[in-house]
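Asks: File name query.cif; file contents mmCIF, C-alpha atoms; full text below.
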```cif
data_upload
loop_
_atom_site.label_atom_id
_atom_site.label_comp_id
_atom_site.auth_asym_id
_atom_site.auth_seq_id
_atom_site.Cartn_x
_atom_site.Cartn_y
_atom_site.Cartn_z
CA MET A 96 -13.65 -34.90 -36.02
CA LEU A 97 -14.94 -34.31 -32.51
CA LYS A 98 -13.48 -37.60 -31.38
CA ASP A 99 -10.13 -36.72 -32.97
CA ASN A 100 -10.16 -33.38 -31.21
CA LEU A 101 -10.96 -35.00 -27.87
CA ARG A 102 -8.29 -37.68 -28.38
CA ILE A 103 -5.55 -35.17 -29.18
CA PHE A 104 -6.62 -32.92 -26.32
CA PHE A 105 -6.35 -35.76 -23.80
CA LEU A 106 -3.05 -36.84 -25.26
CA PHE A 107 -1.59 -33.37 -24.72
CA ILE A 108 -3.11 -33.18 -21.23
CA VAL A 109 -1.30 -36.42 -20.41
CA VAL A 110 1.91 -34.89 -21.76
CA VAL A 111 1.48 -31.86 -19.48
CA PHE A 112 0.89 -34.12 -16.48
CA LEU A 113 4.01 -36.07 -17.37
CA PHE A 114 5.95 -32.82 -17.46
CA ILE A 115 4.54 -31.89 -14.06
CA LEU A 116 5.42 -35.30 -12.64
CA PHE A 117 8.93 -35.16 -14.06
CA LYS A 118 9.49 -31.69 -12.70
CA ASN A 119 8.14 -32.40 -9.24
CA GLY A 120 10.06 -35.66 -9.17
CA GLN A 121 13.21 -33.64 -9.88
CA ILE A 122 13.99 -35.77 -12.93
CA PHE A 123 14.25 -32.67 -15.03
CA ASP A 124 13.09 -29.12 -14.79
CA LEU A 125 12.13 -27.58 -18.10
CA GLY A 126 12.05 -24.17 -16.49
CA PHE A 127 15.75 -24.45 -15.73
CA ILE A 128 16.53 -24.01 -19.42
CA PHE A 129 14.35 -20.95 -19.77
CA ARG A 130 15.41 -19.39 -16.49
CA ASN A 131 19.08 -19.74 -17.31
CA THR A 132 18.58 -18.37 -20.81
CA ILE A 133 16.52 -15.35 -19.86
CA TYR A 134 17.59 -14.51 -16.35
CA THR A 135 21.32 -15.03 -16.23
CA ASN A 136 23.28 -14.92 -12.99
CA LYS A 137 24.26 -11.38 -13.85
CA THR A 138 20.62 -10.28 -13.88
CA VAL A 139 19.92 -12.07 -10.61
CA ASN A 140 23.01 -10.56 -8.98
CA SER A 141 22.06 -7.10 -10.14
CA LEU A 142 18.67 -7.54 -8.51
CA LEU A 143 20.08 -8.94 -5.28
CA ASP A 144 22.87 -6.41 -5.07
CA PRO A 145 21.60 -3.06 -6.33
CA SER A 146 24.00 -0.55 -7.81
CA PRO A 147 25.54 2.18 -5.60
CA GLU A 148 23.44 4.76 -7.45
CA LEU A 149 20.25 2.94 -6.48
CA GLN A 150 21.41 2.60 -2.89
CA GLU A 151 22.20 6.31 -2.81
CA GLN A 152 18.78 7.12 -4.26
CA TYR A 153 17.16 4.86 -1.67
CA LYS A 154 18.92 6.72 1.15
CA ASP A 155 17.89 10.09 -0.28
CA LEU A 156 14.29 8.93 -0.58
CA LEU A 157 14.37 7.62 2.97
CA VAL A 158 15.51 11.03 4.24
CA GLU A 159 12.90 12.79 2.10
CA ASN A 160 10.19 10.43 3.30
CA ASN A 161 11.09 11.09 6.91
CA LYS A 162 11.08 14.83 6.29
CA LEU A 163 7.67 14.64 4.65
CA LYS A 164 6.26 12.62 7.54
CA ASN A 165 7.48 15.27 9.98
CA LEU A 166 5.98 17.99 7.84
CA GLU A 167 2.67 16.15 7.72
CA GLU A 168 2.61 15.82 11.48
CA GLU A 169 3.53 19.49 11.90
CA ASN A 170 0.87 20.48 9.41
CA ASN A 171 -1.79 18.52 11.31
CA GLN A 172 -0.79 20.10 14.60
CA LEU A 173 -0.88 23.58 13.09
CA LYS A 174 -4.31 22.89 11.62
CA GLU A 175 -5.54 21.85 15.05
CA LEU A 176 -4.12 25.00 16.59
CA LEU A 177 -5.79 27.09 13.90
CA ASN A 178 -9.13 25.42 14.63
CA PHE A 179 -8.61 26.05 18.31
CA LYS A 180 -7.89 29.73 17.64
CA LYS A 181 -10.98 30.10 15.44
CA GLU A 182 -13.18 28.34 17.92
CA LYS A 183 -12.09 30.22 21.05
CA GLN A 184 -11.10 33.55 19.49
CA TYR A 185 -7.85 33.71 21.48
CA ASN A 186 -4.74 35.48 20.27
CA LEU A 187 -2.17 32.76 19.73
CA VAL A 188 1.54 33.09 19.01
CA VAL A 189 3.00 29.95 17.48
CA ALA A 190 6.62 29.36 18.45
CA ASN A 191 9.22 26.72 17.74
CA ILE A 192 10.96 24.97 20.59
CA ILE A 193 14.59 25.84 20.02
CA ASN A 194 16.07 24.20 23.07
CA ARG A 195 15.49 22.57 26.40
CA ASP A 196 17.18 23.61 29.59
CA PRO A 197 20.27 21.38 29.89
CA VAL A 198 19.81 20.97 33.65
CA ASN A 199 16.03 20.77 33.84
CA ARG A 200 14.50 19.07 30.77
CA ASN A 201 11.07 20.37 31.77
CA ILE A 202 12.01 23.93 30.86
CA LEU A 203 11.61 24.72 27.16
CA ILE A 204 13.08 27.67 25.33
CA ILE A 205 10.91 28.99 22.49
CA ASN A 206 11.79 31.43 19.72
CA SER A 207 9.20 34.10 20.55
CA GLY A 208 9.31 36.61 23.36
CA LEU A 209 8.38 40.14 24.38
CA GLY A 210 8.43 41.23 20.74
CA GLN A 211 5.45 38.97 20.11
CA ASN A 212 3.56 40.11 23.24
CA ILE A 213 4.50 37.07 25.25
CA ALA A 214 4.46 37.65 28.99
CA VAL A 215 5.19 35.66 32.12
CA GLY A 216 2.29 33.50 33.30
CA GLN A 217 0.63 32.99 29.93
CA ALA A 218 -0.59 29.53 29.00
CA VAL A 219 1.28 27.40 26.48
CA VAL A 220 -0.86 25.02 24.45
CA VAL A 221 -0.57 22.44 21.69
CA ASN A 222 -3.04 20.73 19.35
CA ASN A 223 -6.69 21.46 20.14
CA GLY A 224 -5.92 23.45 23.23
CA ILE A 225 -4.08 21.02 25.44
CA ILE A 226 -2.19 23.08 27.98
CA VAL A 227 1.39 21.90 28.43
CA GLY A 228 2.92 24.65 30.56
CA LYS A 229 3.29 28.30 31.45
CA VAL A 230 5.69 31.03 30.41
CA ILE A 231 8.11 31.74 33.28
CA ASP A 232 10.62 34.11 31.73
CA THR A 233 10.79 36.28 28.64
CA SER A 234 13.43 38.14 26.66
CA VAL A 235 13.05 40.17 23.47
CA ASP A 236 12.95 37.22 21.08
CA SER A 237 12.72 34.15 23.27
CA ALA A 238 10.88 32.84 26.29
CA LYS A 239 11.16 30.05 28.82
CA VAL A 240 8.26 27.67 29.34
CA ARG A 241 7.85 25.45 32.37
CA LEU A 242 6.07 22.21 31.52
CA LEU A 243 3.29 21.02 33.81
CA THR A 244 5.35 17.97 34.66
CA ASP A 245 8.05 20.09 36.30
CA ASN A 246 8.31 19.82 40.09
CA PHE A 247 7.83 23.57 40.55
CA SER A 248 4.81 23.81 38.27
CA LYS A 249 1.48 24.68 39.89
CA LEU A 250 -1.86 25.02 38.16
CA ALA A 251 -5.39 25.38 39.49
CA VAL A 252 -7.61 22.80 37.80
CA LYS A 253 -11.06 21.32 37.83
CA VAL A 254 -12.03 17.68 37.36
CA GLY A 255 -14.93 15.80 35.85
CA ASP A 256 -17.71 16.58 33.42
CA ASP A 257 -19.56 18.98 35.72
CA ARG A 258 -16.24 20.57 36.82
CA ARG A 259 -17.26 21.01 40.41
CA VAL A 260 -14.17 19.36 41.87
CA SER A 261 -11.22 21.74 42.22
CA GLY A 262 -7.63 20.93 42.97
CA VAL A 263 -4.06 22.00 42.48
CA LEU A 264 -1.96 20.29 39.84
CA SER A 265 1.77 20.02 40.35
CA GLY A 266 4.54 18.27 38.46
CA SER A 267 5.82 14.93 39.62
CA LEU A 268 9.53 14.27 39.03
CA GLY A 269 9.22 15.52 35.47
CA LEU A 270 7.33 12.37 34.48
CA GLY A 271 3.70 12.92 35.38
CA MET A 272 1.46 15.20 37.38
CA ASP A 273 -0.12 15.03 40.80
CA LEU A 274 -3.47 16.47 41.70
CA SER A 275 -3.77 17.51 45.34
CA TYR A 276 -6.08 19.44 47.67
CA ILE A 277 -9.21 17.64 46.55
CA PRO A 278 -11.75 17.62 49.37
CA GLN A 279 -12.46 14.13 50.69
CA GLU A 280 -16.17 14.30 49.99
CA GLN A 281 -15.67 15.02 46.29
CA GLU A 282 -15.92 12.05 43.93
CA ILE A 283 -13.27 11.55 41.28
CA LYS A 284 -12.60 8.45 39.24
CA LYS A 285 -10.13 7.09 36.74
CA ASN A 286 -10.18 8.67 33.25
CA ASP A 287 -11.92 11.84 34.48
CA LEU A 288 -10.78 14.78 32.40
CA VAL A 289 -8.69 17.44 34.14
CA VAL A 290 -9.05 21.00 32.79
CA SER A 291 -7.70 24.40 33.80
CA SER A 292 -9.87 26.47 36.15
CA ASP A 293 -10.72 30.17 35.88
CA ILE A 294 -8.68 31.33 38.87
CA ASP A 295 -5.68 32.57 36.91
CA ASP A 296 -6.39 35.68 34.80
CA LEU A 297 -3.86 34.76 32.14
CA ILE A 298 -4.98 31.17 31.72
CA PRO A 299 -8.38 30.53 30.15
CA ALA A 300 -10.67 28.06 31.84
CA GLY A 301 -11.37 24.72 30.21
CA LEU A 302 -7.97 23.97 28.64
CA VAL A 303 -7.43 20.23 28.74
CA VAL A 304 -4.56 19.09 30.96
CA GLY A 305 -4.82 15.31 31.14
CA LYS A 306 -6.74 12.40 32.59
CA ILE A 307 -6.94 10.94 36.08
CA GLU A 308 -4.72 7.89 36.16
CA SER A 309 -5.28 6.76 39.74
CA THR A 310 -6.68 8.14 42.98
CA ASN A 311 -5.24 7.91 46.45
CA PHE A 312 -6.86 8.85 49.75
CA SER A 313 -6.84 7.83 53.37
CA GLN A 314 -9.15 8.60 56.29
CA GLU A 315 -6.41 10.37 58.24
CA GLU A 316 -5.82 13.04 55.60
CA LEU A 317 -7.94 16.06 54.84
CA PHE A 318 -7.56 15.92 51.09
CA LYS A 319 -7.46 13.33 48.35
CA ASN A 320 -4.60 12.96 45.87
CA ALA A 321 -4.64 11.68 42.30
CA ALA A 322 -2.09 10.96 39.64
CA VAL A 323 -2.76 12.67 36.31
CA SER A 324 -1.33 11.47 33.02
CA PRO A 325 -0.82 13.95 30.17
CA LEU A 326 -2.69 13.36 26.90
CA ILE A 327 0.43 13.86 24.80
CA ASP A 328 4.09 13.00 25.08
CA TYR A 329 5.91 16.14 26.23
CA ASN A 330 9.23 14.80 24.92
CA THR A 331 8.13 14.94 21.28
CA LEU A 332 6.91 18.54 21.19
CA GLY A 333 8.20 20.43 18.17
CA PHE A 334 6.35 23.71 18.49
CA VAL A 335 3.79 25.25 20.82
CA ALA A 336 1.41 28.18 20.89
CA VAL A 337 1.19 30.83 23.59
CA ILE A 338 -2.18 32.38 24.43
CA THR A 339 -1.25 36.05 24.58
CA SER A 340 -4.72 37.46 25.19
CA LEU A 341 -8.09 36.01 26.01
CA MET B 266 9.84 -27.06 -43.61
CA ILE B 267 9.36 -23.29 -43.83
CA LYS B 268 6.14 -23.52 -41.85
CA TYR B 269 8.00 -24.97 -38.85
CA LEU B 270 10.56 -22.20 -39.05
CA PHE B 271 7.69 -19.76 -39.16
CA LEU B 272 6.17 -21.32 -36.04
CA ILE B 273 9.50 -21.15 -34.22
CA LEU B 274 9.80 -17.49 -35.21
CA ILE B 275 6.34 -16.72 -33.82
CA TYR B 276 7.22 -18.59 -30.64
CA LEU B 277 10.42 -16.56 -30.23
CA ILE B 278 8.62 -13.27 -30.89
CA ALA B 279 5.98 -14.22 -28.30
CA ALA B 280 8.72 -15.13 -25.82
CA TYR B 281 10.45 -11.82 -26.49
CA PHE B 282 7.28 -9.79 -25.92
CA PHE B 283 6.37 -11.87 -22.87
CA THR B 284 9.74 -11.15 -21.26
CA VAL B 285 9.80 -7.47 -22.17
CA LEU B 286 6.24 -6.83 -20.99
CA ASN B 287 6.88 -8.65 -17.73
CA LEU B 288 10.04 -6.70 -17.08
CA TYR B 289 8.32 -3.45 -18.03
CA ASN B 290 5.44 -4.09 -15.63
CA TYR B 291 2.98 -1.16 -15.06
CA GLY B 292 0.07 -3.47 -15.94
CA TRP B 293 1.56 -4.48 -19.29
CA GLN B 294 2.32 -7.94 -17.95
CA PHE B 295 -1.38 -8.74 -18.42
CA VAL B 296 -0.96 -8.64 -22.16
CA GLN B 297 -0.64 -12.32 -23.13
CA PRO B 298 1.64 -12.67 -26.17
CA PHE B 299 1.68 -16.46 -25.90
CA LEU B 300 -2.09 -16.77 -25.89
CA ILE B 301 -2.29 -14.32 -28.78
CA ALA B 302 0.24 -16.44 -30.68
CA ALA B 303 -1.50 -19.71 -29.78
CA LEU B 304 -4.85 -18.34 -31.02
CA LEU B 305 -3.32 -17.02 -34.23
CA ILE B 306 -1.74 -20.40 -34.90
CA TYR B 307 -5.04 -22.10 -34.12
CA PHE B 308 -7.01 -19.87 -36.49
CA ASN B 309 -4.54 -20.29 -39.34
CA VAL B 310 -3.33 -23.87 -39.05
CA GLU B 311 -5.45 -26.92 -39.73
CA ASN B 312 -3.07 -29.51 -38.39
CA ASN B 313 -4.27 -30.49 -34.88
CA TRP B 314 -0.83 -31.54 -33.76
CA LEU B 315 0.70 -28.20 -34.62
CA TYR B 316 -1.67 -25.90 -32.79
CA TYR B 317 -2.03 -28.18 -29.76
CA GLY B 318 1.76 -28.58 -29.68
CA PHE B 319 2.25 -24.84 -29.94
CA ALA B 320 -0.24 -24.22 -27.13
CA LEU B 321 1.55 -26.80 -24.97
CA LEU B 322 4.99 -25.23 -25.50
CA ALA B 323 3.64 -21.71 -25.07
CA GLY B 324 2.05 -22.67 -21.75
CA LEU B 325 5.18 -24.48 -20.57
CA PHE B 326 7.31 -21.41 -21.26
CA ILE B 327 5.19 -19.29 -18.90
CA ASP B 328 4.91 -22.15 -16.42
CA SER B 329 8.67 -22.48 -16.20
CA LEU B 330 8.74 -18.95 -14.77
CA SER B 331 5.57 -19.05 -12.68
CA GLY B 332 4.66 -20.58 -9.36
CA VAL B 333 2.36 -23.39 -10.44
CA PHE B 334 4.07 -25.49 -13.10
CA GLY B 335 1.72 -26.82 -15.76
CA LEU B 336 -1.23 -24.52 -15.08
CA HIS B 337 -0.75 -22.24 -18.07
CA ALA B 338 -0.14 -25.22 -20.38
CA LEU B 339 -3.33 -26.91 -19.19
CA ILE B 340 -5.34 -23.72 -19.59
CA PHE B 341 -3.99 -23.04 -23.08
CA LEU B 342 -4.82 -26.61 -24.15
CA PHE B 343 -8.27 -26.36 -22.60
CA ILE B 344 -8.99 -23.08 -24.40
CA ILE B 345 -7.92 -24.52 -27.75
CA PHE B 346 -10.03 -27.62 -27.07
CA ILE B 347 -13.11 -25.52 -26.28
CA LEU B 348 -12.63 -23.36 -29.38
CA LYS B 349 -12.16 -26.37 -31.61
CA THR B 350 -15.20 -28.11 -30.16
CA LEU B 351 -17.29 -24.97 -30.71
CA GLN B 352 -16.09 -24.71 -34.29
CA LEU B 353 -16.98 -28.33 -34.92
CA THR B 354 -20.45 -27.94 -33.45
CA ILE B 355 -22.01 -24.44 -33.24
CA LEU B 356 -19.66 -21.87 -34.76
CA THR B 357 -18.74 -23.75 -37.90
CA SER B 358 -18.22 -20.64 -40.02
CA LYS B 359 -14.73 -19.19 -40.41
CA ASN B 360 -15.79 -15.59 -40.97
CA ILE B 361 -14.32 -12.67 -39.03
CA LEU B 362 -17.27 -12.46 -36.62
CA THR B 363 -16.64 -16.03 -35.53
CA ILE B 364 -12.97 -15.24 -35.06
CA ILE B 365 -13.86 -12.20 -32.91
CA LEU B 366 -16.31 -14.21 -30.81
CA LEU B 367 -13.88 -17.06 -30.28
CA THR B 368 -11.07 -14.67 -29.38
CA ILE B 369 -13.19 -12.87 -26.79
CA LEU B 370 -14.31 -16.22 -25.41
CA ALA B 371 -10.69 -17.42 -25.21
CA PHE B 372 -9.51 -14.46 -23.14
CA VAL B 373 -12.57 -14.45 -20.91
CA LEU B 374 -12.05 -18.18 -20.31
CA PHE B 375 -8.36 -17.60 -19.60
CA TRP B 376 -9.00 -15.08 -16.82
CA LEU B 377 -12.04 -16.95 -15.49
CA ILE B 378 -10.01 -20.13 -15.06
CA PHE B 379 -7.23 -18.24 -13.27
CA TRP B 380 -9.78 -16.56 -11.04
CA GLY B 381 -11.32 -19.98 -10.35
CA ALA B 382 -7.90 -21.45 -9.53
CA HIS B 383 -7.25 -18.51 -7.22
CA VAL B 384 -10.57 -18.86 -5.41
CA LEU B 385 -10.66 -22.66 -5.25
CA PHE B 386 -7.03 -23.58 -4.67
CA GLY B 387 -5.51 -20.29 -3.55
CA TRP B 388 -2.97 -20.31 -6.37
CA GLY B 389 -1.95 -16.69 -6.32
CA ILE B 390 -0.34 -16.41 -9.75
CA TYR B 391 -2.56 -13.39 -10.28
CA LEU B 392 -4.04 -11.74 -7.19
CA PHE B 393 -7.41 -10.43 -8.25
CA ASP B 394 -7.58 -7.17 -6.36
CA LYS B 395 -9.04 -3.94 -7.74
CA VAL B 396 -5.81 -2.70 -9.33
CA ILE B 397 -5.12 -5.99 -11.07
CA LEU B 398 -8.71 -6.35 -12.25
CA PHE B 399 -8.48 -2.85 -13.69
CA ASN B 400 -5.25 -3.78 -15.49
CA ILE B 401 -6.79 -7.01 -16.81
CA LEU B 402 -9.80 -5.10 -18.16
CA LYS B 403 -7.48 -2.47 -19.61
CA THR B 404 -5.35 -5.02 -21.47
CA LEU B 405 -8.27 -7.21 -22.56
CA PRO B 406 -9.09 -5.06 -25.62
CA ILE B 407 -5.38 -4.95 -26.47
CA ASN B 408 -5.16 -8.75 -26.36
CA ILE B 409 -8.33 -9.25 -28.38
CA SER B 410 -7.57 -6.61 -31.01
CA ALA B 411 -4.01 -7.94 -31.37
CA VAL B 412 -5.36 -11.36 -32.36
CA ILE B 413 -7.99 -9.95 -34.71
CA ILE B 414 -5.72 -7.40 -36.41
CA LEU B 415 -2.86 -9.86 -36.86
CA HIS B 416 -5.24 -12.48 -38.17
CA VAL B 417 -6.85 -10.07 -40.63
CA LEU B 418 -3.44 -8.85 -41.78
CA PHE B 419 -2.12 -12.39 -42.26
CA TYR B 420 -5.27 -13.54 -44.03
CA ASN B 421 -5.44 -10.59 -46.40
CA PHE B 422 -1.80 -9.97 -47.15
CA TRP B 423 -0.27 -13.41 -47.05
CA ILE B 424 -2.79 -16.13 -47.73
CA ARG B 425 -4.67 -14.30 -50.50
CA LYS B 426 -1.45 -13.13 -52.11
CA HIS B 427 -0.06 -16.64 -52.19
CA GLY B 428 -3.38 -18.07 -53.31
CA GLN B 429 -3.55 -20.58 -50.51
CA ARG B 430 -6.39 -21.71 -48.35
CA GLN B 431 -6.59 -20.45 -44.79
CA SER B 432 -4.10 -23.05 -43.69
CA PHE B 433 -0.50 -24.03 -43.92
#
```
Would you mind writing the file's structure down as structure tokens?

Replies:
Amino acid sequence: MLKDNLRIFFLFIVVVFLFILFKNGQIFDLGFIFRNTIYTNKTVNSLLDPSPELQEQYKDLLVENNKLKNLEEENNQLKELLNFKKEKQYNLVVANIINRDPVNRNILIINSGLGQNIAVGQAVVVNNGIIVGKVIDTSVDSAKVRLLTDNFSKLAVKVGDDRRVSGVLSGSLGLGMDLSYIPQEQEIKKNDLVVSSDIDDLIPAGLVVGKIESTNFSQEELFKNAAVSPLIDYNTLGFVAVITSL
Amino acid sequence: MIKYLFLILIYLIAAYFFTVLNLYNYGWQFVQPFLIAALLIYFNVENNWLYYGFALLAGLFIDSLSGVFGLHALIFLFIIFILKTLQLTILTSKNILTIILLTILAFVLFWLIFWGAHVLFGWGIYLFDKVILFNILKTLPINISAVIILHVLFYNFWIRKHGQRQSF
């Protein structure tokens, strides 16, 4: 009985191998019969060319997905702002950016103003307290914010971990920031953190501005210069928070 | 003659369930109607040629739609061979406990061989990640109980009623 079993088993194994050989040798393909019976051309076409309803659904889902991603990002930023508020105990007014100045893209218009205690000179922050600009004009329900990258922007800052090095940060062509008036004897290096100083009454000290990108000095000049790169992309800002009181 | 018609009917039912479950997806594609059918035929038919032939055709049906032609057929034949050898040597009894043991062994062997093929040759017919393993474990009791219940039903309601032995 065992021998019979073994014999039949090997016989069928040989049959399977013959099938495999035939199929791979393109003599015949058994699967062709099954595939054509079960999955007709109509089925295949319907899979390759989905119905208009499905395409419509796909578009709707794509829009919804995009919306949800934006909401997630906004939610994360708001959470960070909330943490920042709790940590520092500042009064923050969160405002949406409703427009940018058509002539100068570094001027933002936000949807909060005097009604929300916003005043000229107050600091505008995002995320965990990254300062992005200052309020320069207010009306009852809106305000103008000048980004730090604007040519006319000026901010007193400090550099490095010990924050002994002081300088003045100004915008550079709306693209980056320049740090000037750093005494020659002071040491600064690439990737040093730049934070706001305590000179301005309306701007709290220690708000992160950016990082040193490169330094530039010569023997003939009294002060050193450095290029500062912002930590976030100012072009993708959706909303900001204004520190109304310290 | 009627027994061949009966075999063809079982084959068609298995093919129907195989197609439906694969189209339905959601883990139900891991239910193996063809292996269930092949085991039922094996347990209830004494003619070697019939159950080996059925296993061969059942395997070829799946192979014709899968990436590695011949693999399912070889595995089905191997499982039947192992079961038959066991029944001729150790598990000679034909009681329900033996049937349960052999069925469990068959399905465990089935997935072990596929896992082996995946690890050794990289044949990704089934990718054994966590989700798939969960689905396999979920459908394993369904597969096993399907064989046992159908076998018990057939044995009690058909064979006994018609006063036949447990064979065609």

Asks: Just to confirm, what's the straight-line distance from CA of Asn186 (chain A) to CA of Thr233 (chain A) in Å (one decimal)?

Replies: 17.7 Å

Asks: Residues of chain B no more than 10 Å from chain A, counting all atoms listed in the file: send them over as a ChimeraX atom specification.

Replies: /B:280-281,284,313-314,317-318,320-322,324-331,333-340,342-343,345-347,349-354

Asks: What does the PyMOL selection byres ((chain A and resi 279) around 12) select in this file, as number ranges by chain?

Replies: A: 260-262, 275-278, 280-283, 310-321

Asks: If you count all atoms listed in the file, which residues fall within 12 Å of Asn171 (chain A), apart from same-chain ones fewer than 6 positions away, as an mmCIF file with C-alpha atoms, keeping the file's coordinate frame?

Replies:
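Here's the written file around-v2.cif:
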```cif
data_model
loop_
_atom_site.group_PDB
_atom_site.id
_atom_site.type_symbol
_atom_site.label_atom_id
_atom_site.label_comp_id
_atom_site.auth_asym_id
_atom_site.auth_seq_id
_atom_site.Cartn_x
_atom_site.Cartn_y
_atom_site.Cartn_z
ATOM 1 C CA LYS A 164 6.260 12.620 7.540
ATOM 2 C CA ASN A 165 7.480 15.270 9.980
ATOM 3 C CA LEU A 177 -5.790 27.090 13.900
ATOM 4 C CA ASN A 178 -9.130 25.420 14.630
ATOM 5 C CA VAL A 221 -0.570 22.440 21.690
ATOM 6 C CA ASN A 222 -3.040 20.730 19.350
ATOM 7 C CA ASN A 223 -6.690 21.460 20.140
#
```

Asks: Please write as a list in words the full residue list that the PyMOL selection byres ((chain B and resi 305) around 10) yields on this file.

Replies: Ile275, Phe299, Leu300, Ile301, Ala302, Ala303, Leu304, Ile306, Tyr307, Phe308, Asn309, Val310, Tyr316, Ile364, Thr368, Ala411, Val412, Ile413, Leu415, His416 and Phe419 of chain B

Asks: Save the residues we just selected, C-alpha atoms, as a PDB file, keeping the file's coordinate frame?

Replies:
```
ATOM      1  CA  ILE B 275       6.340 -16.720 -33.820  1.00  0.00           C
ATOM      2  CA  PHE B 299       1.680 -16.460 -25.900  1.00  0.00           C
ATOM      3  CA  LEU B 300      -2.090 -16.770 -25.890  1.00  0.00           C
ATOM      4  CA  ILE B 301      -2.290 -14.320 -28.780  1.00  0.00           C
ATOM      5  CA  ALA B 302       0.240 -16.440 -30.680  1.00  0.00           C
ATOM      6  CA  ALA B 303      -1.500 -19.710 -29.780  1.00  0.00           C
ATOM      7  CA  LEU B 304      -4.850 -18.340 -31.020  1.00  0.00           C
ATOM      8  CA  ILE B 306      -1.740 -20.400 -34.900  1.00  0.00           C
ATOM      9  CA  TYR B 307      -5.040 -22.100 -34.120  1.00  0.00           C
ATOM     10  CA  PHE B 308      -7.010 -19.870 -36.490  1.00  0.00           C
ATOM     11  CA  ASN B 309      -4.540 -20.290 -39.340  1.00  0.00           C
ATOM     12  CA  VAL B 310      -3.330 -23.870 -39.050  1.00  0.00           C
ATOM     13  CA  TYR B 316      -1.670 -25.900 -32.790  1.00  0.00           C
ATOM     14  CA  ILE B 364     -12.970 -15.240 -35.060  1.00  0.00           C
ATOM     15  CA  THR B 368     -11.070 -14.670 -29.380  1.00  0.00           C
ATOM     16  CA  ALA B 411      -4.010  -7.940 -31.370  1.00  0.00           C
ATOM     17  CA  VAL B 412      -5.360 -11.360 -32.360  1.00  0.00           C
ATOM     18  CA  ILE B 413      -7.990  -9.950 -34.710  1.00  0.00           C
ATOM     19  CA  LEU B 415      -2.860  -9.860 -36.860  1.00  0.00           C
ATOM     20  CA  HIS B 416      -5.240 -12.480 -38.170  1.00  0.00           C
ATOM     21  CA  PHE B 419      -2.120 -12.390 -42.260  1.00  0.00           C
TER      22      PHE B 419
END
```

Asks: Would you compute the distance between CA of Leu385 (chain B) and CA of Asn408 (chain B)? Give it in Å to one decimal.

Replies: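 These two atoms are separated by 25.9 Å.
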
Asks: One decimal, Å: what's the distance from CA of Leu348 (chain B) over to CA of Met266 (chain B), could you say?

Replies: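 Here the two named atoms are 26.9 Å from each other.
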
Asks: Check which residues satisfy the PyMOL selection byres ((chain A and resi 244-257) around 9) in the file shown, then give them as a ChimeraX atom specification.

Replies: /A:199-202,227-229,241-243,258-274,282-284,286-295,300-301,304,306-307,325,329

Asks: Can you find the residues with an atom no farther than 9 Å from (6.5, -8.8, -18.5), counting all atoms listed in the file, and report them as a PyMOL selection string?

Replies: chain B and resi 282-290+292-296

Asks: Using all atoms listed in the file, can you list as a PyMOL selection string the residues within 12 Å of (-11.0, -13.7, -5.8)?

Replies: chain B and resi 376-395+397-398

Asks: With all atoms listed in the file as the atoms that count, which of A:Ile193, A:Arg102, A:Pro299, A:Ala322 lies nearest to Ile226 (chain A)?

Replies: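 Ranking A:Ile193, A:Arg102, A:Pro299, A:Ala322 by distance to Ile226 (chain A), first place goes to A:Pro299.
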
Asks: I need region 205-213 of chain A written out with N, CA and C atoms, as a JSON list (two decimals), in the first residue's frame; please produce it.

Replies:
```
[["chain", "number", "residue", "atom", "x", "y", "z"],
["A", 205, "ILE", "N", -3.34, 90.43, 9.01],
["A", 205, "ILE", "CA", -4.00, 89.42, 9.85],
["A", 205, "ILE", "C", -5.37, 89.91, 10.28],
["A", 206, "ASN", "N", -6.22, 88.96, 10.68],
["A", 206, "ASN", "CA", -7.63, 89.30, 10.95],
["A", 206, "ASN", "C", -7.91, 89.67, 12.42],
["A", 207, "SER", "N", -6.92, 90.17, 13.11],
["A", 207, "SER", "CA", -7.14, 90.67, 14.47],
["A", 207, "SER", "C", -6.47, 92.03, 14.58],
["A", 208, "GLY", "N", -7.07, 92.90, 15.38],
["A", 208, "GLY", "CA", -6.51, 94.25, 15.48],
["A", 208, "GLY", "C", -6.70, 94.86, 16.85],
["A", 209, "LEU", "N", -7.02, 96.15, 16.88],
["A", 209, "LEU", "CA", -7.16, 96.87, 18.15],
["A", 209, "LEU", "C", -8.18, 96.21, 19.07],
["A", 210, "GLY", "N", -9.24, 95.70, 18.47],
["A", 210, "GLY", "CA", -10.29, 95.02, 19.23],
["A", 210, "GLY", "C", -9.76, 93.87, 20.06],
["A", 211, "GLN", "N", -8.67, 93.29, 19.65],
["A", 211, "GLN", "CA", -8.09, 92.15, 20.38],
["A", 211, "GLN", "C", -6.81, 92.57, 21.13],
["A", 212, "ASN", "N", -6.70, 93.85, 21.40],
["A", 212, "ASN", "CA", -5.55, 94.41, 22.13],
["A", 212, "ASN", "C", -4.23, 94.30, 21.39],
["A", 213, "ILE", "N", -4.30, 94.29, 20.10],
["A", 213, "ILE", "CA", -3.04, 94.23, 19.33],
["A", 213, "ILE", "C", -2.55, 95.67, 19.10]]
```
